[in-house]
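Student: What follows is start31.cif, made up of mmCIF, C-alpha atoms:
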data_target
loop_
_atom_site.label_atom_id
_atom_site.label_comp_id
_atom_site.auth_asym_id
_atom_site.auth_seq_id
_atom_site.Cartn_x
_atom_site.Cartn_y
_atom_site.Cartn_z
CA MET A 1 -17.17 -9.49 -7.42
CA ASN A 2 -18.69 -8.17 -10.61
CA GLY A 3 -20.50 -10.30 -13.13
CA GLU A 4 -17.37 -11.07 -15.14
CA THR A 5 -14.06 -12.13 -13.69
CA HIS A 6 -12.74 -9.26 -11.57
CA VAL A 7 -13.11 -7.88 -8.07
CA ASP A 8 -15.25 -4.73 -8.12
CA ASP A 9 -13.95 -1.38 -6.85
CA LEU A 10 -15.80 -1.40 -3.54
CA GLU A 11 -14.68 -4.89 -2.62
CA LEU A 12 -11.11 -4.34 -3.78
CA ALA A 13 -10.79 -1.15 -1.72
CA ALA A 14 -12.32 -2.92 1.28
CA PHE A 15 -9.77 -5.72 0.85
CA VAL A 16 -6.88 -3.23 0.92
CA ASP A 17 -8.28 -1.59 4.07
CA GLY A 18 -9.04 -4.87 5.81
CA GLY A 19 -12.79 -4.18 5.71
CA LEU A 20 -14.02 -7.54 4.42
CA ASP A 21 -15.44 -10.28 6.59
CA ALA A 22 -13.54 -13.57 6.71
CA ASP A 23 -15.56 -15.32 3.98
CA ALA A 24 -15.38 -12.40 1.57
CA ARG A 25 -11.69 -11.99 2.24
CA ARG A 26 -10.96 -15.64 1.46
CA ARG A 27 -13.01 -15.41 -1.72
CA VAL A 28 -11.11 -12.29 -2.86
CA GLU A 29 -7.75 -13.83 -1.93
CA ALA A 30 -8.56 -16.93 -3.98
CA HIS A 31 -9.41 -14.70 -6.95
CA LEU A 32 -6.26 -12.61 -6.51
CA VAL A 33 -4.05 -15.72 -6.56
CA GLU A 34 -5.35 -16.42 -10.08
CA CYS A 35 -5.89 -12.90 -11.47
CA ALA A 36 -2.79 -10.82 -12.19
CA ASP A 37 -4.87 -7.76 -13.16
CA CYS A 38 -6.67 -7.52 -9.84
CA ARG A 39 -3.48 -8.36 -8.00
CA GLY A 40 -1.72 -5.53 -9.78
CA MET A 41 -4.54 -3.20 -8.81
CA VAL A 42 -4.18 -4.17 -5.13
CA THR A 43 -0.42 -3.67 -5.00
CA THR A 44 -0.55 -0.43 -6.96
CA THR A 45 -3.26 0.90 -4.66
CA GLY A 46 -1.10 0.17 -1.63
CA ARG A 47 1.90 1.81 -3.26
CA LEU A 48 -0.02 4.93 -4.33
CA LEU A 49 -1.53 5.38 -0.88
CA ALA A 50 1.87 5.03 0.77
CA ALA A 51 3.67 7.48 -1.54
CA PRO A 52 3.79 11.15 -0.53
CA LEU A 53 1.98 13.52 -2.88
CA ARG A 54 3.81 16.31 -4.58
CA ARG A 55 2.35 19.75 -4.87
CA PRO A 56 0.91 20.28 -8.35
CA ARG A 57 1.29 23.57 -10.15
CA ARG A 58 -1.84 25.63 -9.86
CA ARG A 59 -2.14 25.68 -13.69
CA ASN A 60 -2.51 21.87 -13.74
CA LEU A 61 -5.51 21.97 -11.43
CA LEU A 62 -7.16 24.81 -13.31
CA LEU A 63 -6.85 23.00 -16.64
CA GLY A 64 -8.19 19.77 -15.22
CA ALA A 65 -11.08 21.37 -13.39
CA MET A 66 -12.08 23.47 -16.41
CA ALA A 67 -11.91 20.46 -18.70
CA ALA A 68 -14.32 18.59 -16.41
CA ALA A 69 -16.63 21.64 -16.15
CA ALA A 70 -15.74 21.99 -12.45
CA VAL A 71 -15.72 25.29 -10.56
CA LEU A 72 -12.52 27.41 -10.60
CA LEU A 73 -10.02 26.21 -7.97
CA VAL A 74 -8.85 29.04 -5.72
CA THR A 75 -6.70 27.33 -3.17
CA LEU A 76 -5.45 23.84 -2.27
CA VAL A 77 -5.93 24.39 1.44
CA PRO A 78 -9.19 22.87 2.83
CA ARG A 79 -11.45 25.74 3.86
CA ASN A 80 -12.41 24.41 7.26
CA GLU A 81 -8.82 24.09 8.50
CA PRO A 82 -7.42 26.99 10.47
CA SER A 83 -4.74 29.05 8.79
CA ARG A 84 -1.33 27.65 9.59
CA SER A 85 2.32 28.08 8.87
CA PRO A 86 4.02 24.87 9.89
CA PRO A 87 7.58 25.48 10.93
CA ARG A 88 10.23 24.88 8.29
CA THR A 89 11.97 21.59 8.92
CA ARG A 90 15.04 19.91 7.58
CA GLU A 91 12.92 16.95 6.55
CA ALA A 92 10.69 17.25 3.47
CA GLU A 93 7.09 17.94 4.41
CA VAL A 94 4.79 15.12 3.54
CA VAL A 95 1.30 15.81 2.30
CA GLY A 96 -0.79 12.73 2.78
CA PRO A 97 -3.78 11.70 0.71
CA THR A 98 -6.03 13.54 3.17
CA GLY A 99 -4.23 16.85 2.53
CA ILE A 100 -2.65 17.11 5.98
CA GLU A 101 0.85 18.57 6.07
CA PHE A 102 2.82 16.73 8.67
CA ALA A 103 6.51 15.88 9.04
CA PRO A 104 9.09 14.62 11.54
CA GLU A 105 11.61 17.18 12.79
CA ALA A 106 14.11 15.26 14.89
CA PRO A 107 16.06 13.06 15.09
CA PRO A 108 16.98 13.05 11.37
CA ASP A 109 16.51 9.82 9.49
CA ARG A 110 19.37 7.33 10.13
CA ALA A 111 20.77 9.42 13.00
CA LEU A 112 23.19 8.03 15.55
CA VAL A 113 21.64 8.75 18.95
CA ARG A 114 22.23 8.42 22.67
CA PRO A 115 19.15 6.78 24.16
CA ASP A 116 19.42 8.63 27.49
CA THR A 117 19.01 12.01 25.76
CA LEU A 118 16.79 10.93 22.85
CA ALA A 119 13.64 12.94 22.20
CA PHE A 120 11.33 12.96 19.19
CA TYR A 121 9.92 16.11 17.56
CA TRP A 122 7.37 16.62 14.80
CA THR A 123 5.36 19.38 13.18
CA SER A 124 1.75 20.11 13.93
CA ALA A 125 -0.91 18.30 11.88
CA GLY A 126 -3.57 20.79 12.94
CA GLU A 127 -5.43 21.99 15.98
CA GLN A 128 -6.74 19.29 18.32
CA ALA A 129 -4.68 16.61 16.61
CA THR A 130 -3.67 13.61 18.66
CA TYR A 131 -0.36 11.90 17.98
CA GLN A 132 0.67 8.28 18.47
CA ILE A 133 4.39 7.60 18.45
CA THR A 134 5.67 4.05 17.93
CA VAL A 135 9.24 2.83 18.25
CA SER A 136 9.96 -0.68 16.96
CA SER A 137 12.95 -2.94 16.61
CA GLU A 138 14.50 -4.17 13.36
CA ALA A 139 12.40 -7.30 13.68
CA GLY A 140 9.23 -5.24 13.83
CA ALA A 141 8.51 -5.73 17.55
CA ILE A 142 7.05 -2.65 19.21
CA VAL A 143 9.45 -1.31 21.84
CA TRP A 144 7.43 1.69 22.97
CA THR A 145 4.25 3.46 21.99
CA GLU A 146 2.53 6.46 23.48
CA SER A 147 -0.31 8.84 22.68
CA THR A 148 0.02 12.61 23.18
CA ARG A 149 -1.26 16.04 22.15
CA ARG A 150 2.27 17.51 22.33
CA LEU A 151 4.65 17.96 19.42
CA ASP A 152 7.54 16.26 21.16
CA LEU A 153 8.21 13.37 23.51
CA PRO A 154 11.41 12.24 25.23
CA LEU A 155 12.18 8.55 25.23
CA PRO A 156 11.30 7.28 28.73
CA PRO A 157 14.34 6.20 30.77
CA ALA A 158 12.91 2.69 31.26
CA VAL A 159 12.71 2.26 27.49
CA ALA A 160 16.11 3.85 26.88
CA GLU A 161 17.72 1.27 29.14
CA ARG A 162 16.36 -1.58 26.99
CA LEU A 163 17.76 -0.29 23.69
CA GLU A 164 20.83 -2.16 22.52
CA SER A 165 23.97 -0.35 21.41
CA GLY A 166 24.74 -0.54 17.73
CA ARG A 167 21.20 -1.65 16.87
CA ASP A 168 18.83 0.04 14.46
CA TYR A 169 15.37 1.05 15.60
CA TYR A 170 12.46 2.59 13.74
CA TRP A 171 10.02 5.28 14.77
CA GLN A 172 6.96 6.88 13.29
CA VAL A 173 4.27 9.28 14.43
CA ASP A 174 0.65 9.01 13.36
CA ALA A 175 -1.58 12.07 13.60
CA LEU A 176 -5.35 11.85 13.99
CA LEU A 177 -7.66 14.85 13.63
CA PRO A 178 -11.14 15.18 15.20
CA ASP A 179 -12.72 14.67 11.73
CA LEU A 180 -10.91 11.30 11.65
CA ARG A 181 -8.49 12.25 8.87
CA SER A 182 -5.04 10.89 9.62
CA ALA A 183 -1.45 11.22 8.46
CA SER A 184 1.84 9.53 9.25
CA THR A 185 5.47 10.54 9.18
CA GLY A 186 6.33 7.10 7.80
CA LEU A 187 9.09 4.97 9.26
CA ARG A 188 12.32 6.74 10.28
CA ARG A 189 15.47 4.98 11.44
CA PHE A 190 17.95 5.68 14.19
CA THR A 191 20.96 3.77 15.46
CA VAL A 192 21.84 3.57 19.14
CA ASN A 193 25.28 4.95 19.82
CA ALA A 194 27.66 2.70 21.67
CA PRO A 195 28.57 4.15 25.10
CA MET B 1 -17.61 -0.99 11.40
CA PRO B 2 -18.33 1.18 8.34
CA HIS B 3 -16.09 4.18 7.73
CA PHE B 4 -17.65 7.57 8.28
CA VAL B 5 -18.62 9.78 5.33
CA PRO B 6 -16.26 12.81 5.25
CA PRO B 7 -18.03 16.18 5.42
CA GLU B 8 -16.83 17.26 1.98
CA LEU B 9 -18.57 14.22 0.47
CA SER B 10 -21.78 14.36 2.49
CA ARG B 11 -22.12 18.03 1.56
CA LEU B 12 -21.74 17.12 -2.12
CA LEU B 13 -24.22 14.25 -2.02
CA ASP B 14 -26.79 16.29 -0.07
CA ALA B 15 -26.56 19.43 -2.22
CA SER B 16 -30.00 20.30 -3.52
CA ASP B 17 -29.37 22.97 -6.19
CA ALA B 18 -26.80 23.61 -8.88
CA GLN B 19 -24.95 26.37 -7.01
CA SER B 20 -24.54 24.40 -3.80
CA ARG B 21 -23.50 21.34 -5.85
CA ASP B 22 -20.82 23.38 -7.61
CA ASP B 23 -19.58 24.80 -4.30
CA ALA B 24 -19.56 21.37 -2.71
CA TRP B 25 -17.71 19.91 -5.71
CA ALA B 26 -15.04 22.59 -5.39
CA THR B 27 -14.62 21.74 -1.71
CA PHE B 28 -14.42 18.05 -2.53
CA LEU B 29 -11.67 18.76 -5.08
CA GLU B 30 -9.73 20.84 -2.57
CA CYS B 31 -9.52 17.77 -0.35
CA HIS B 32 -8.90 15.09 -2.97
CA SER B 33 -7.63 16.56 -6.23
CA ARG B 34 -3.98 15.99 -5.29
CA LEU B 35 -4.62 12.31 -4.72
CA LEU B 36 -6.51 11.94 -8.01
CA LEU B 37 -3.78 13.79 -9.89
CA HIS B 38 -1.22 11.55 -8.19
CA VAL B 39 -3.00 8.49 -9.59
CA ALA B 40 -3.39 10.05 -13.05
CA ARG B 41 0.31 10.87 -13.09
CA SER B 42 1.27 7.32 -12.11
CA PHE B 43 0.10 6.06 -15.52
CA GLY B 44 2.83 8.06 -17.24
CA GLY B 45 2.71 10.15 -20.36
CA ASP B 46 3.39 13.80 -20.96
CA HIS B 47 1.69 16.67 -19.20
CA ASP B 48 -1.25 16.77 -21.63
CA ALA B 49 -1.87 13.04 -21.32
CA VAL B 50 -1.85 13.28 -17.52
CA MET B 51 -4.25 16.23 -17.52
CA ASP B 52 -6.59 14.49 -19.96
CA ARG B 53 -6.63 11.46 -17.70
CA TYR B 54 -7.22 13.63 -14.61
CA ALA B 55 -10.06 15.49 -16.32
CA TYR B 56 -11.62 12.18 -17.37
CA ILE B 57 -11.48 10.93 -13.77
CA LEU B 58 -13.20 14.08 -12.49
CA GLU B 59 -15.82 13.95 -15.21
CA ARG B 60 -16.67 10.31 -14.52
CA LEU B 61 -16.83 10.85 -10.75
CA ARG B 62 -19.33 13.65 -11.22
CA THR B 63 -21.38 11.87 -13.89
CA ASP B 64 -24.95 10.80 -13.20
CA ASP B 65 -25.27 12.87 -10.01
CA CYS B 66 -22.05 11.45 -8.56
CA ARG B 67 -23.32 7.88 -8.89
CA ARG B 68 -19.93 6.31 -8.13
CA LEU B 69 -19.43 8.45 -5.02
CA ARG B 70 -22.93 7.54 -3.84
CA SER B 71 -22.10 3.85 -4.27
CA TRP B 72 -19.15 4.25 -1.91
CA ALA B 73 -21.28 6.19 0.60
CA GLY B 74 -23.71 3.26 0.64
CA ASP B 75 -20.93 0.73 1.18
CA ARG B 76 -18.16 2.31 3.31
CA ARG B 77 -16.21 -0.89 3.97
CA SER B 78 -13.10 1.02 2.94
CA LYS B 79 -11.76 4.51 3.51
CA LEU B 80 -12.85 7.02 0.90
CA THR B 81 -9.25 7.72 -0.11
CA THR B 82 -8.52 4.04 -0.71
CA TRP B 83 -11.61 3.66 -2.85
CA LEU B 84 -10.79 6.86 -4.78
CA VAL B 85 -7.37 5.44 -5.65
CA VAL B 86 -8.94 2.21 -6.92
CA VAL B 87 -11.59 4.01 -8.96
CA ALA B 88 -9.10 6.52 -10.34
CA GLN B 89 -6.90 3.66 -11.52
CA ARG B 90 -9.82 1.91 -13.22
CA LEU B 91 -10.90 5.14 -14.88
CA SER B 92 -7.32 5.82 -15.98
CA LEU B 93 -7.19 2.38 -17.56
CA ASP B 94 -10.51 3.09 -19.31
CA GLU B 95 -9.17 6.37 -20.60
CA ASN B 96 -6.00 4.68 -21.83
CA ARG B 97 -8.07 2.05 -23.64
CA ARG B 98 -10.17 4.72 -25.29
CA ARG B 99 -7.05 6.47 -26.42
CA TYR B 100 -4.78 3.54 -27.33
CA GLY B 101 -7.04 0.51 -27.63
CA ARG B 102 -7.20 -2.64 -25.51
CA PRO B 103 -3.85 -4.44 -25.07
CA ARG B 104 -3.77 -7.96 -26.52
CA GLY B 105 -3.22 -10.90 -24.19
CA THR B 106 -0.22 -13.05 -24.78
CA THR B 107 0.62 -16.60 -24.15
CA ALA B 108 3.42 -15.34 -21.92
CA ASP B 109 1.15 -15.82 -18.89
CA ALA B 110 1.48 -19.61 -19.07
CA VAL B 111 5.24 -19.28 -19.46
CA GLN B 112 5.39 -16.92 -16.49
CA THR B 113 3.41 -19.34 -14.33
CA ARG B 114 5.87 -22.10 -15.14
CA GLN B 115 8.77 -19.76 -14.35
CA THR B 116 7.15 -18.86 -11.05
CA ARG B 117 6.79 -22.49 -10.06
CA ARG B 118 10.39 -23.03 -11.11
CA ARG B 119 11.61 -20.09 -8.99
CA LEU B 120 9.75 -21.35 -5.93
CA SER B 121 10.85 -24.94 -6.42
CA ASP B 122 14.45 -23.76 -6.91
CA LEU B 123 14.15 -21.93 -3.61
CA MET B 124 12.84 -25.10 -1.95
CA VAL B 125 15.76 -27.05 -3.46
CA ASP B 126 18.18 -24.52 -1.99
CA GLN B 127 16.55 -24.74 1.42
CA LEU B 128 16.53 -28.52 1.45
CA ASP B 129 20.11 -28.61 0.29
CA HIS B 130 21.58 -25.86 2.44
CA ASP B 131 23.65 -28.17 4.64
CA ARG B 132 25.06 -30.22 1.79
CA THR B 133 28.16 -29.56 -0.22
CA ALA B 134 26.49 -29.33 -3.57
CA SER B 135 28.21 -30.45 -6.71
CA PRO B 136 28.47 -27.74 -9.36
CA PRO B 137 25.20 -27.21 -11.23
CA GLU B 138 26.58 -28.56 -14.48
CA GLU B 139 27.48 -31.84 -12.81
CA SER B 140 24.15 -32.06 -10.97
CA ASN B 141 22.18 -31.50 -14.14
CA ALA B 142 24.24 -34.18 -15.85
CA LEU B 143 22.96 -36.76 -13.32
CA PRO B 144 20.23 -38.75 -15.05
CA ASP B 145 17.91 -38.69 -12.04
CA ALA B 146 18.23 -34.96 -11.39
CA ALA B 147 15.52 -33.96 -13.86
CA VAL B 148 13.21 -36.65 -12.52
CA ARG B 149 13.78 -35.51 -8.96
CA HIS B 150 13.14 -31.90 -9.91
CA ALA B 151 9.87 -32.81 -11.63
CA GLU B 152 8.81 -34.79 -8.59
CA LEU B 153 9.69 -31.88 -6.35
CA SER B 154 7.64 -29.52 -8.53
CA ARG B 155 4.59 -31.80 -8.40
CA THR B 156 4.87 -32.22 -4.64
CA LEU B 157 5.37 -28.50 -4.22
CA ALA B 158 2.24 -27.79 -6.28
CA ARG B 159 0.26 -30.15 -4.01
CA CYS B 160 1.61 -28.42 -0.89
CA LEU B 161 0.83 -24.99 -2.29
CA ALA B 162 -2.74 -26.00 -3.04
CA GLU B 163 -3.17 -27.03 0.60
CA LEU B 164 -2.19 -23.60 1.91
CA ASP B 165 -4.88 -21.11 2.89
CA THR B 166 -5.65 -18.35 0.42
CA ALA B 167 -3.79 -15.65 2.36
CA ASP B 168 -0.54 -17.63 2.25
CA GLN B 169 -1.01 -18.51 -1.43
CA LEU B 170 -1.51 -14.81 -2.19
CA LEU B 171 1.62 -13.87 -0.25
CA LEU B 172 3.72 -16.35 -2.21
CA THR B 173 2.16 -15.23 -5.51
CA LEU B 174 2.94 -11.58 -4.82
CA ARG B 175 6.49 -12.42 -3.83
CA PHE B 176 7.47 -15.03 -6.41
CA GLU B 177 5.18 -14.45 -9.36
CA ASP B 178 4.92 -10.67 -9.26
CA SER B 179 8.37 -10.10 -7.67
CA ARG B 180 6.87 -7.47 -5.34
CA SER B 181 9.00 -5.96 -2.64
CA ALA B 182 8.16 -6.51 1.02
CA ALA B 183 7.09 -2.87 1.29
CA GLU B 184 4.65 -3.24 -1.61
CA ILE B 185 3.27 -6.47 -0.19
CA ALA B 186 2.81 -4.90 3.25
CA ALA B 187 0.87 -2.00 1.73
CA ALA B 188 -1.28 -4.33 -0.39
CA LEU B 189 -2.11 -6.81 2.36
CA ASN B 190 -2.59 -4.25 5.12
CA LEU B 191 0.38 -5.51 7.14
CA PRO B 192 1.96 -2.99 9.53
CA THR B 193 5.56 -3.06 8.20
CA PRO B 194 7.74 -4.92 5.68
CA PHE B 195 9.18 -6.85 8.64
CA HIS B 196 5.84 -8.54 9.09
CA VAL B 197 6.04 -9.67 5.46
CA TYR B 198 9.52 -11.10 5.94
CA ARG B 199 8.50 -12.94 9.08
CA ARG B 200 5.42 -14.43 7.48
CA LEU B 201 7.37 -15.48 4.40
CA ASP B 202 10.05 -17.01 6.55
CA ARG B 203 7.54 -19.03 8.60
CA LEU B 204 5.69 -20.02 5.44
CA LEU B 205 8.80 -21.32 3.69
CA ILE B 206 9.79 -23.30 6.79
CA ARG B 207 6.32 -24.83 6.83
CA LEU B 208 6.54 -25.62 3.11
CA ARG B 209 9.84 -27.36 3.66
CA GLN B 210 8.33 -29.41 6.48
CA GLU B 211 5.40 -30.33 4.24
CA LEU B 212 7.77 -31.41 1.51
CA ASN B 213 9.60 -33.57 4.05
CA ARG B 214 6.26 -35.05 5.12
CA HIS B 215 5.51 -35.89 1.49
CA GLY B 216 8.77 -37.74 1.28
CA VAL B 217 10.95 -35.10 -0.33
CA GLU B 218 14.06 -35.05 1.83
CA ASP B 219 16.88 -34.14 -0.51
CA PRO B 220 16.93 -32.55 -3.93
CA VAL B 221 19.62 -34.96 -5.15
CA PRO B 222 19.47 -38.76 -4.65
#
Here is a file; write its structure as structure tokens.
Tutor:
Amino acid sequence: MNGETHVDDLELAAFVDGGLDADARRRVEAHLVECADCRGMVTTTGRLLAAPLRRPRRRNLLLGAMAAAAVLLVTLVPRNEPSRSPPRTREAEVVGPTGIEFAPEAPPDRALVRPDTLAFYWTSAGEQATYQITVSSEAGAIVWTESTRRLDLPLPPAVAERLESGRDYYWQVDALLPDLRSASTGLRRFTVNAP
Amino acid sequence: MPHFVPPELSRLLDASDAQSRDDAWATFLECHSRLLLHVARSFGGDHDAVMDRYAYILERLRTDDCRRLRSWAGDRRSKLTTWLVVVAQRLSLDENRRRYGRPRGTTADAVQTRQTRRRLSDLMVDQLDHDRTASPPEESNALPDAAVRHAELSRTLARCLAELDTADQLLLTLRFEDSRSAAEIAAALNLPTPFHVYRRLDRLLIRLRQELNRHGVEDPVP
């Protein structure tokens, strides 16, 4: 912590990311219990990181960059990514903090599904991305997880048999690029249709 | 294990002349300007106020040969994006203070702490009393011993809370003092989903009730 009474930026960010050792973590937790300011910073950081970013108007970025004596901004797309046109989806595209455009395609959020024909689809996060799909129950228990390079996966029959009719389940896909940037679709819900 | 330094940052920190620094800064902004603008926008205000805040954040990040960015590169216990969000918030607060002055503290904090303890002790009363047919609140409060019992419960509860580990105390503080949602708490404490928050809270409250029983608090009403 800094010389006064608050957790410094490096330690606070490390706390949010789980990067502190046990002693440091306990020390920061003890401070957070007593300090509403630092506590607010922690919760706001988590909320801001979890929220999808909206695309700013180009004029906003130009004004900001010029005001800070930065170089003229030409494009928002990182230069070293290959050109791409992700397919249009019914779901809103999510642009994560790392600038990766990535979204679920099917099933739609809160869909009623038959487990024996259920398959998951998502857009590409970039070349050489790896995807990890996780399906969990309402209680948060992981029902199935699998890693793939594809943009779709059917629910395995052995897993489909275990899903209970009328129950809600949650799924999300996490994308990881070779440069270790990552993005997530966030949690989506589906309900198993009664036979 | 320390997080790796993203290429757009290492290029910026290693740039040796003004032109390459400017190019590297532009690349860095391509990757992270949306996030920084997102934070600047979260502090509210009209378009001009947001852009002033955003410009201030960029200016301070670049100041002194990117001193702040170099400090992260030497630490790396967090992801760069997480640290950028923290720093951008701090800088936004600085900018707000410069513009509007420092907010004055109030004595409401002490009141809020008492209200928090009251909310948690009320919850404990409900949990201890859940099997009883309670008399209407007006009648209960009319009982002469009710206030004494409640004060005793609050003192015992405070002792039990102090015996919890810091992680559990923080969870209860976020939930009952700050009234944070499970989703916000999960994001703040690096828990996988809100369900994990609910389960931990549930187990914690059960344990608190058992501790209260152990300290001799069986029923909220004599």
Student: Figure out the distance between atom CA of A:Ala14 and atom CA of B:Leu58, please, to one decimal in Å.
Tutor: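 Distance reported for this atom pair: 21.9 Å.
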Student: Give me the residues within 12 Å of A:Arg47 as a ChimeraX atom specification, counting only C-alpha atoms and dropping any in the same chain fewer than 4 places off.
Tutor: /A:16,40-43,51-53 /B:38-39,42,82,85-86,180-190
Student: Can you give me, as a VMD selection string, the residues this file yields under the PyMOL selection byres ((chain B and resi 76) around 10)?
Tutor: (chain A and resid 10 to 11 13 to 14 19) or (chain B and resid 1 to 5 71 to 75 77 to 80 83)
Student: Go ahead and save the picked residues with C-alpha atoms, as a JSON list (two decimals), keeping the file's coordinate frame.
Tutor:
[["chain", "number", "residue", "atom", "x", "y", "z"],
["A", 10, "LEU", "CA", -15.80, -1.40, -3.54],
["A", 11, "GLU", "CA", -14.68, -4.89, -2.62],
["A", 13, "ALA", "CA", -10.79, -1.15, -1.72],
["A", 14, "ALA", "CA", -12.32, -2.92, 1.28],
["A", 19, "GLY", "CA", -12.79, -4.18, 5.71],
["B", 1, "MET", "CA", -17.61, -0.99, 11.40],
["B", 2, "PRO", "CA", -18.33, 1.18, 8.34],
["B", 3, "HIS", "CA", -16.09, 4.18, 7.73],
["B", 4, "PHE", "CA", -17.65, 7.57, 8.28],
["B", 5, "VAL", "CA", -18.62, 9.78, 5.33],
["B", 71, "SER", "CA", -22.10, 3.85, -4.27],
["B", 72, "TRP", "CA", -19.15, 4.25, -1.91],
["B", 73, "ALA", "CA", -21.28, 6.19, 0.60],
["B", 74, "GLY", "CA", -23.71, 3.26, 0.64],
["B", 75, "ASP", "CA", -20.93, 0.73, 1.18],
["B", 77, "ARG", "CA", -16.21, -0.89, 3.97],
["B", 78, "SER", "CA", -13.10, 1.02, 2.94],
["B", 79, "LYS", "CA", -11.76, 4.51, 3.51],
["B", 80, "LEU", "CA", -12.85, 7.02, 0.90],
["B", 83, "TRP", "CA", -11.61, 3.66, -2.85]]
Student: Ranking B:Gln19, B:Gln210, B:Gln169, B:Ser154 by minimum distance to chain A and counting all atoms listed in the file, which one comes first?
Tutor: B:Gln169
Student: Return as a count of residues only the set of residues that the PyMOL selection byres ((chain A and resi 30-36) around 10) yields on the displayed structure.
Tutor: 30
Student: I'd like the residues picked by the PyMOL selection byres ((chain B and resi 66) around 12) written out as a VMD selection string, using the chain letters and numbers from the file.
Tutor: chain B and resid 9 to 10 12 to 15 21 24 to 25 28 57 to 65 67 to 73
Student: Ranking A:Val143, A:Val192, A:Val159, A:Ala183 by minimum distance to A:Leu49 and counting all atoms listed in the file, which one comes first?
Tutor: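 Looking at the shortest contact to A:Leu49, the residue is A:Ala183.
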Student: Please provide as a list in words all residues within 12 Å of A:Ala158, with the sequence filter that same-chain residues fewer than 5 positions apart are discarded (counting all atoms listed in the file).
Tutor: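 So the residues in contact are Pro115, Asp116, Val143, Trp144 and Leu163 of chain A.
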Student: Using the selection just defined, write its residues with C-alpha atoms as a PDB file, keeping the file's coordinate frame.
Tutor:
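Result file follows (result.pdb):
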ATOM      1  CA  PRO A 115      19.150   6.780  24.160  1.00  0.00           C
ATOM      2  CA  ASP A 116      19.420   8.630  27.490  1.00  0.00           C
ATOM      3  CA  VAL A 143       9.450  -1.310  21.840  1.00  0.00           C
ATOM      4  CA  TRP A 144       7.430   1.690  22.970  1.00  0.00           C
ATOM      5  CA  LEU A 163      17.760  -0.290  23.690  1.00  0.00           C
TER       6      LEU A 163
END
Student: Which residue gives the smallest distance to chain B among A:Ala160, A:Val173, A:Leu20, A:Ala111, with all atoms listed in the file counted?
Tutor: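 So, comparing all the options, the nearest one is A:Leu20.
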Student: Taking only C-alpha atoms into account, which of A:Phe190, A:Tyr121, A:Tyr170, A:Tyr131 comes nearest chain B?
Tutor: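 The answer is A:Tyr170, which sits nearest to chain B.
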Student: Measuring between all atoms listed in the file, which one of B:His196, B:Arg159, B:Arg175, B:Pro6 shows the shortest distance to B:Arg214?
Tutor: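 Distance minimum relative to B:Arg214 lands on B:Arg159.
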Student: Save stretch 42-54 of chain A of the structure in the block above to a file, with C-alpha atoms included, as a CSV table (one decimal), in the first residue's frame.
Tutor:
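Wrote out.csv, looks like this:
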chain,number,residue,atom,x,y,z
A,42,VAL,CA,-12.3,-2.7,-6.6
A,43,THR,CA,-16.0,-3.3,-7.4
A,44,THR,CA,-16.0,-0.6,-10.1
A,45,THR,CA,-12.9,-2.1,-11.7
A,46,GLY,CA,-14.6,-5.5,-11.9
A,47,ARG,CA,-17.8,-3.9,-13.3
A,48,LEU,CA,-15.9,-1.9,-15.9
A,49,LEU,CA,-13.9,-4.9,-17.1
A,50,ALA,CA,-17.0,-7.1,-17.3
A,51,ALA,CA,-19.1,-4.5,-19.3
A,52,PRO,CA,-18.9,-4.6,-23.1
A,53,LEU,CA,-17.4,-1.5,-24.8
A,54,ARG,CA,-19.3,0.5,-27.2
